[in-house]
Amino acid sequence: MSDLRDLYQEVILDHNKRPRNFRILPQPTHHANGVNPLCGDRISVFLDIEDGMIKDIAFQGAGCAISSASASLMTEALKGKPVNEVEHLFEAFHNVVTTDCECPRGLGKLGVLAGVRDYPSRVKCATLAWHAVRAALEQRKESVASE
Amino acid sequence: MNAPLALSAAPVAASELDLARIRADFPILRQRVHGKPLVYLDNAASVQKPKAVIDAIGECYGGYYANIHRGVHLLSERSTTAYEGARDKVRAFLNAASVQEIIFTRNATESINLVASSFGGQRIKAGDEIVITGMEHHSNIVPWQLLCERSGATLKVVPFTDAGELILEEYERLLDSGRVKLVAFVHLSNALGTINPVKTMIELAHARGIPVLVDGAQSVPHLAVDVRALDCDFYAFSSHKIYGPSGVGVLYGKKALLEAMPPYQGGGDMIQMVTFEKTEYADLPNKFEAGTPNIAGVIGLGAALDWLNAIGLDAVAAHEHALLEHATARLSEIPGLKIMGTARDKAALAAFTLQGVHPHDIGTILDREGIAIRAGHHCAQPVMQRYGVPATARASFAVYNTRDEVDALVAALWKVKELFD
């Protein structure tokens, strides 16, 4: 059980049970859907972008604890950030969940997902919401799949 | 002092199998996973292989391998004999009338695609209807959708009850449209465990002159199939789900139907005579086996059937039934656990959801306990949609599974609850 606690940390279990920013934005400037065809996870992300800043961000969908918590933590991390920081944050986050790198300070709470690196089949759960946000920013219409 | 006579209430059926001996046939089962003994309960996805099968493949490659149907040399003759010998084992296993009715493919999916492409391409026209059921695997949905797109035909779907039983009145109503040209349905549902009343369903279709394909991918390792008693027109299954190697599938088809059908693929081995003006096709079954097949794989399938026959499917079915009853009772003790698929006639697997925990998380946690299950939509997304769930967890049983393994599964699920509550 101890190594499972590395994956399912309290913060993750909490965000899974009570996801933050779990709602629909009625008139988002950007929106996209992400699907994980392997497990059937679905997520919709909504963004309100004004003057290059993410004024509001929200998500809805059904998924496992890792994908739900990751989406919830991502919305907290991105709210109020300039759009041009998304790519940088995503890269840093992707590194943390796929490699043995030291977790950069700038990632904040997102670092709790580092345990995913020991569960290769779950990486796409952790990155699904991020892929959806990137698709929304690129104004892609079709659903994106992670990885 | 004499020991008191033990009046055991344990089911007798389970003890009819020598489980220790059966398990000893599977080298892969001896390992530990994450430090725990491997409990392999993902058999509906693919089943493990007994040593007899692994050895048969090794002996082919190590002893007598050559291409078949063409060499005058000894190795080619031996390979051909072994390959065709396996075809006869499949014929006997299904009780088909002739080896000409047994076509080797890559898997059950390709077997169904062969019928959709060849039979469907020739016989299904715009305005026709194809009937399937709501509990099909994607492999018995998508080939028909592709055929409908090509031909202008329409796909009709038989609904099922909350318990996971087909509604036969609806089935009959769909058959009565007068436009149905083919019925295709699953024998044993991989998502629910339901055993469909195939014989009745075939009779109902035949009474209206409609041919029937049965998808037997899940059924063949669990229950005896007699294609002549069923009177099905086509029966498809995969080697890898019946203790044989992956990469080999079987299509049984009635000879008259297969003879009237055009080839599925063109190439070597399926011809009688080729000139640039015209090609004459080979007789059955070679007409449908273009190119060099999976020779060692087919021979491995033959060894798997020998191995399974030696145990006997009746004993296998009794053992698995006892496991399923035990699993159903023990799983039902867990609060918040809901079993999906409670048909009266059911086999081999328990699909379930656990309140507040996504099946993927269940799968990961169980894996750390050494227990392999499937979590997801089981390539049957319409079934998930029917119940309004994104996915389920599924424990599926094979002949080598034990009561203790079911208990390990249940204990691990209590741990899942502990972590998430």
# chains A, B, ... in the order shown; residues from 1 in each chain; ligands from 1

call {"tool": "interface_residues", "arguments": {"of": "chain B", "to": "chain A", "cutoff": "9 Å", "atoms": "only C-alpha atoms", "output": "list in words"}}
result
Gly356, Val357, His358, Pro359, His360, Asp361, Thr364, Ile365, Arg368, Glu369, Ala375, Gly376, His377, His378, Cys379, Gln381, Pro390, Ala391, Lys415, Leu419 and Phe420 of chain B

call {"tool": "select_by_dssp", "arguments": {"residues": "stretch 45-108 of chain A", "states": "strand (DSSP E)", "output": "ChimeraX atom specification"}}
result
/A:45-50,53-62

call {"tool": "residues_around", "arguments": {"residues": "stretch 93-98 of chain A", "least_positions_apart": "4", "cutoff": "9 Å", "atoms": "only C-alpha atoms", "output": "MDAnalysis selection string"}}
result
chainID A and resid 88:89 102:104 107 110:111 113:118 120 123 126:127

call {"tool": "write_last_selection", "arguments": {"atoms": "N, CA and C atoms", "output": "short mmCIF file (atom, residue, chain, number, x, y, z; two decimals), in the first residue's frame"}}
result
data_model
loop_
_atom_site.label_atom_id
_atom_site.label_comp_id
_atom_site.auth_asym_id
_atom_site.auth_seq_id
_atom_site.Cartn_x
_atom_site.Cartn_y
_atom_site.Cartn_z
N HIS A 88 5.16 26.08 -21.76
CA HIS A 88 6.30 25.90 -20.86
C HIS A 88 5.92 25.03 -19.66
N LEU A 89 4.75 25.33 -19.06
CA LEU A 89 4.27 24.56 -17.91
C LEU A 89 3.99 23.11 -18.31
N GLU A 102 14.12 16.06 -11.34
CA GLU A 102 13.78 16.79 -10.12
C GLU A 102 12.57 17.66 -10.46
N CYS A 103 11.62 17.75 -9.56
CA CYS A 103 10.42 18.54 -9.84
C CYS A 103 10.72 20.03 -9.72
N PRO A 104 10.58 20.82 -10.82
CA PRO A 104 10.89 22.24 -10.73
C PRO A 104 9.94 22.96 -9.78
N LEU A 107 6.32 24.45 -10.65
CA LEU A 107 5.14 23.62 -10.90
C LEU A 107 4.16 23.61 -9.72
N LEU A 110 1.23 20.88 -8.81
CA LEU A 110 1.21 19.89 -9.89
C LEU A 110 2.21 18.76 -9.63
N GLY A 111 3.22 19.07 -8.83
CA GLY A 111 4.26 18.10 -8.51
C GLY A 111 3.73 16.84 -7.83
N LEU A 113 1.69 14.91 -8.81
CA LEU A 113 1.42 13.87 -9.80
C LEU A 113 2.69 13.15 -10.24
N ALA A 114 3.83 13.52 -9.66
CA ALA A 114 5.11 12.91 -10.06
C ALA A 114 5.08 11.39 -9.93
N GLY A 115 4.28 10.88 -8.98
CA GLY A 115 4.22 9.42 -8.78
C GLY A 115 3.77 8.66 -10.02
N VAL A 116 3.13 9.36 -10.93
CA VAL A 116 2.64 8.72 -12.16
C VAL A 116 3.79 8.12 -12.97
N ARG A 117 4.99 8.69 -12.81
CA ARG A 117 6.14 8.23 -13.60
C ARG A 117 6.40 6.73 -13.39
N ASP A 118 6.00 6.20 -12.23
CA ASP A 118 6.20 4.77 -11.98
C ASP A 118 5.07 3.91 -12.55
N PRO A 120 3.62 3.75 -16.11
CA PRO A 120 3.63 4.26 -17.49
C PRO A 120 2.26 4.25 -18.16
N VAL A 123 0.26 7.59 -17.61
CA VAL A 123 0.75 8.91 -18.01
C VAL A 123 -0.30 9.63 -18.85
N ALA A 126 -2.83 11.40 -16.81
CA ALA A 126 -2.36 12.64 -16.19
C ALA A 126 -2.25 13.78 -17.20
N THR A 127 -2.05 13.45 -18.47
CA THR A 127 -1.81 14.51 -19.45
C THR A 127 -3.04 14.84 -20.30
#

call {"tool": "select_by_dssp", "arguments": {"residues": "stretch 6-147 of chain A", "states": "helix (DSSP H, G or I)", "output": "ChimeraX atom specification"}}
result
/A:6-7,10-17,65-78,83-98,105-118,120-137

call {"tool": "residues_around", "arguments": {"residues": "stretch 163-176 of chain B", "least_positions_apart": "2", "cutoff": "7 Å", "atoms": "only C-alpha atoms", "output": "list in words"}}
result
Val158, Pro159, Phe160, Thr161, Gly178, Val180, Leu192, Thr194, Ala205, Gly341, Thr342 and Ala343 of chain B

call {"tool": "write_last_selection", "arguments": {"atoms": "C-alpha atoms", "output": "mmCIF file, in the first residue's frame"}}
result
data_model
loop_
_atom_site.group_PDB
_atom_site.id
_atom_site.type_symbol
_atom_site.label_atom_id
_atom_site.label_comp_id
_atom_site.auth_asym_id
_atom_site.auth_seq_id
_atom_site.Cartn_x
_atom_site.Cartn_y
_atom_site.Cartn_z
ATOM 1 C CA VAL B 158 -31.476 -5.914 -30.723
ATOM 2 C CA PRO B 159 -31.785 -4.304 -27.270
ATOM 3 C CA PHE B 160 -31.165 -6.080 -23.973
ATOM 4 C CA THR B 161 -32.559 -5.839 -20.448
ATOM 5 C CA GLY B 178 -38.641 -8.621 -44.599
ATOM 6 C CA VAL B 180 -32.971 -8.571 -43.159
ATOM 7 C CA LEU B 192 -21.478 -8.923 -19.481
ATOM 8 C CA THR B 194 -24.260 -13.330 -20.915
ATOM 9 C CA ALA B 205 -33.660 -16.337 -38.294
ATOM 10 C CA GLY B 341 -24.554 -8.356 -16.279
ATOM 11 C CA THR B 342 -26.666 -10.680 -14.182
ATOM 12 C CA ALA B 343 -28.165 -12.868 -16.879
#

call {"tool": "residues_around", "arguments": {"residues": "stretch 44-61 of chain A", "least_positions_apart": "6", "cutoff": "9 Å", "atoms": "only C-alpha atoms", "output": "number ranges by chain"}}
result
A: 20-35, 68, 71-72, 75-76, 78-84, 129, 132-133, 136-137

call {"tool": "closest_residue", "arguments": {"among": "B:Arg386, B:Arg123, B:Lys417, B:Lys36", "to": "B:Glu136", "atoms": "only C-alpha atoms"}}
result
B:Arg386

call {"tool": "atom_distance", "arguments": {"atom1": "atom CA of B:Thr392", "atom2": "atom CA of B:Ile28"}}
result
26.1 Å

call {"tool": "atom_distance", "arguments": {"atom1": "atom CA of B:Leu213", "atom2": "atom CA of B:Val183"}}
result
6.2 Å

call {"tool": "residues_around", "arguments": {"residues": "B:Gly297", "least_positions_apart": "4", "cutoff": "8 Å", "atoms": "only C-alpha atoms", "output": "list in words"}}
result
Ile57, Gly244, Pro245, Ser246, Gly247, Val248 and Leu301 of chain B

call {"tool": "decode", "arguments": {"residues": "stretch 277-298 of chain B", "atoms": "N, CA and C atoms", "output": "PDB file, in the first residue's frame"}}
result
ATOM      1  N   GLU B 277      -4.880 -13.146 -68.161  1.00  0.00           N
ATOM      2  CA  GLU B 277      -6.251 -12.982 -68.639  1.00  0.00           C
ATOM      3  C   GLU B 277      -7.257 -13.369 -67.566  1.00  0.00           C
ATOM      4  N   LYS B 278      -6.952 -14.470 -66.855  1.00  0.00           N
ATOM      5  CA  LYS B 278      -7.946 -14.968 -65.899  1.00  0.00           C
ATOM      6  C   LYS B 278      -7.276 -15.853 -64.872  1.00  0.00           C
ATOM      7  N   THR B 279      -7.838 -15.796 -63.663  1.00  0.00           N
ATOM      8  CA  THR B 279      -7.326 -16.649 -62.600  1.00  0.00           C
ATOM      9  C   THR B 279      -8.434 -17.573 -62.111  1.00  0.00           C
ATOM     10  N   GLU B 280      -8.096 -18.838 -61.999  1.00  0.00           N
ATOM     11  CA  GLU B 280      -9.052 -19.781 -61.396  1.00  0.00           C
ATOM     12  C   GLU B 280      -8.681 -19.949 -59.942  1.00  0.00           C
ATOM     13  N   TYR B 281      -9.688 -19.888 -59.096  1.00  0.00           N
ATOM     14  CA  TYR B 281      -9.420 -19.963 -57.670  1.00  0.00           C
ATOM     15  C   TYR B 281      -9.299 -21.400 -57.201  1.00  0.00           C
ATOM     16  N   ALA B 282      -8.573 -21.546 -56.112  1.00  0.00           N
ATOM     17  CA  ALA B 282      -8.417 -22.859 -55.500  1.00  0.00           C
ATOM     18  C   ALA B 282      -9.733 -23.296 -54.867  1.00  0.00           C
ATOM     19  N   ASP B 283      -9.835 -24.577 -54.572  1.00  0.00           N
ATOM     20  CA  ASP B 283     -11.001 -25.086 -53.853  1.00  0.00           C
ATOM     21  C   ASP B 283     -10.933 -24.648 -52.396  1.00  0.00           C
ATOM     22  N   LEU B 284     -12.033 -24.871 -51.703  1.00  0.00           N
ATOM     23  CA  LEU B 284     -12.057 -24.635 -50.254  1.00  0.00           C
ATOM     24  C   LEU B 284     -11.106 -25.593 -49.566  1.00  0.00           C
ATOM     25  N   PRO B 285     -10.504 -25.226 -48.470  1.00  0.00           N
ATOM     26  CA  PRO B 285     -10.569 -23.903 -47.819  1.00  0.00           C
ATOM     27  C   PRO B 285      -9.539 -22.917 -48.357  1.00  0.00           C
ATOM     28  N   ASN B 286      -8.648 -23.390 -49.253  1.00  0.00           N
ATOM     29  CA  ASN B 286      -7.520 -22.551 -49.686  1.00  0.00           C
ATOM     30  C   ASN B 286      -7.948 -21.253 -50.373  1.00  0.00           C
ATOM     31  N   LYS B 287      -9.153 -21.290 -50.978  1.00  0.00           N
ATOM     32  CA  LYS B 287      -9.651 -20.079 -51.656  1.00  0.00           C
ATOM     33  C   LYS B 287      -9.632 -18.872 -50.729  1.00  0.00           C
ATOM     34  N   PHE B 288      -9.790 -19.110 -49.435  1.00  0.00           N
ATOM     35  CA  PHE B 288      -9.856 -18.005 -48.472  1.00  0.00           C
ATOM     36  C   PHE B 288      -8.573 -17.859 -47.653  1.00  0.00           C
ATOM     37  N   GLU B 289      -7.516 -18.537 -48.076  1.00  0.00           N
ATOM     38  CA  GLU B 289      -6.270 -18.432 -47.314  1.00  0.00           C
ATOM     39  C   GLU B 289      -5.125 -17.981 -48.217  1.00  0.00           C
ATOM     40  N   ALA B 290      -5.211 -16.741 -48.675  1.00  0.00           N
ATOM     41  CA  ALA B 290      -4.190 -16.193 -49.561  1.00  0.00           C
ATOM     42  C   ALA B 290      -2.897 -15.946 -48.795  1.00  0.00           C
ATOM     43  N   GLY B 291      -1.787 -16.300 -49.399  1.00  0.00           N
ATOM     44  CA  GLY B 291      -0.483 -16.004 -48.794  1.00  0.00           C
ATOM     45  C   GLY B 291      -0.090 -17.040 -47.753  1.00  0.00           C
ATOM     46  N   THR B 292       1.179 -16.983 -47.364  1.00  0.00           N
ATOM     47  CA  THR B 292       1.661 -17.926 -46.360  1.00  0.00           C
ATOM     48  C   THR B 292       0.986 -17.628 -45.028  1.00  0.00           C
ATOM     49  N   PRO B 293       0.326 -18.610 -44.439  1.00  0.00           N
ATOM     50  CA  PRO B 293      -0.390 -18.368 -43.185  1.00  0.00           C
ATOM     51  C   PRO B 293       0.543 -18.433 -41.977  1.00  0.00           C
ATOM     52  N   ASN B 294      -0.028 -18.305 -40.794  1.00  0.00           N
ATOM     53  CA  ASN B 294       0.711 -18.432 -39.542  1.00  0.00           C
ATOM     54  C   ASN B 294       0.856 -19.933 -39.246  1.00  0.00           C
ATOM     55  N   ILE B 295       1.820 -20.559 -39.886  1.00  0.00           N
ATOM     56  CA  ILE B 295       1.928 -22.028 -39.875  1.00  0.00           C
ATOM     57  C   ILE B 295       2.108 -22.552 -38.454  1.00  0.00           C
ATOM     58  N   ALA B 296       3.127 -22.056 -37.770  1.00  0.00           N
ATOM     59  CA  ALA B 296       3.389 -22.548 -36.406  1.00  0.00           C
ATOM     60  C   ALA B 296       2.251 -22.172 -35.463  1.00  0.00           C
ATOM     61  N   GLY B 297       1.625 -21.030 -35.718  1.00  0.00           N
ATOM     62  CA  GLY B 297       0.514 -20.600 -34.877  1.00  0.00           C
ATOM     63  C   GLY B 297      -0.673 -21.546 -34.991  1.00  0.00           C
ATOM     64  N   VAL B 298      -0.981 -21.936 -36.221  1.00  0.00           N
ATOM     65  CA  VAL B 298      -2.087 -22.875 -36.441  1.00  0.00           C
ATOM     66  C   VAL B 298      -1.775 -24.215 -35.769  1.00  0.00           C
TER      67      VAL B 298
END
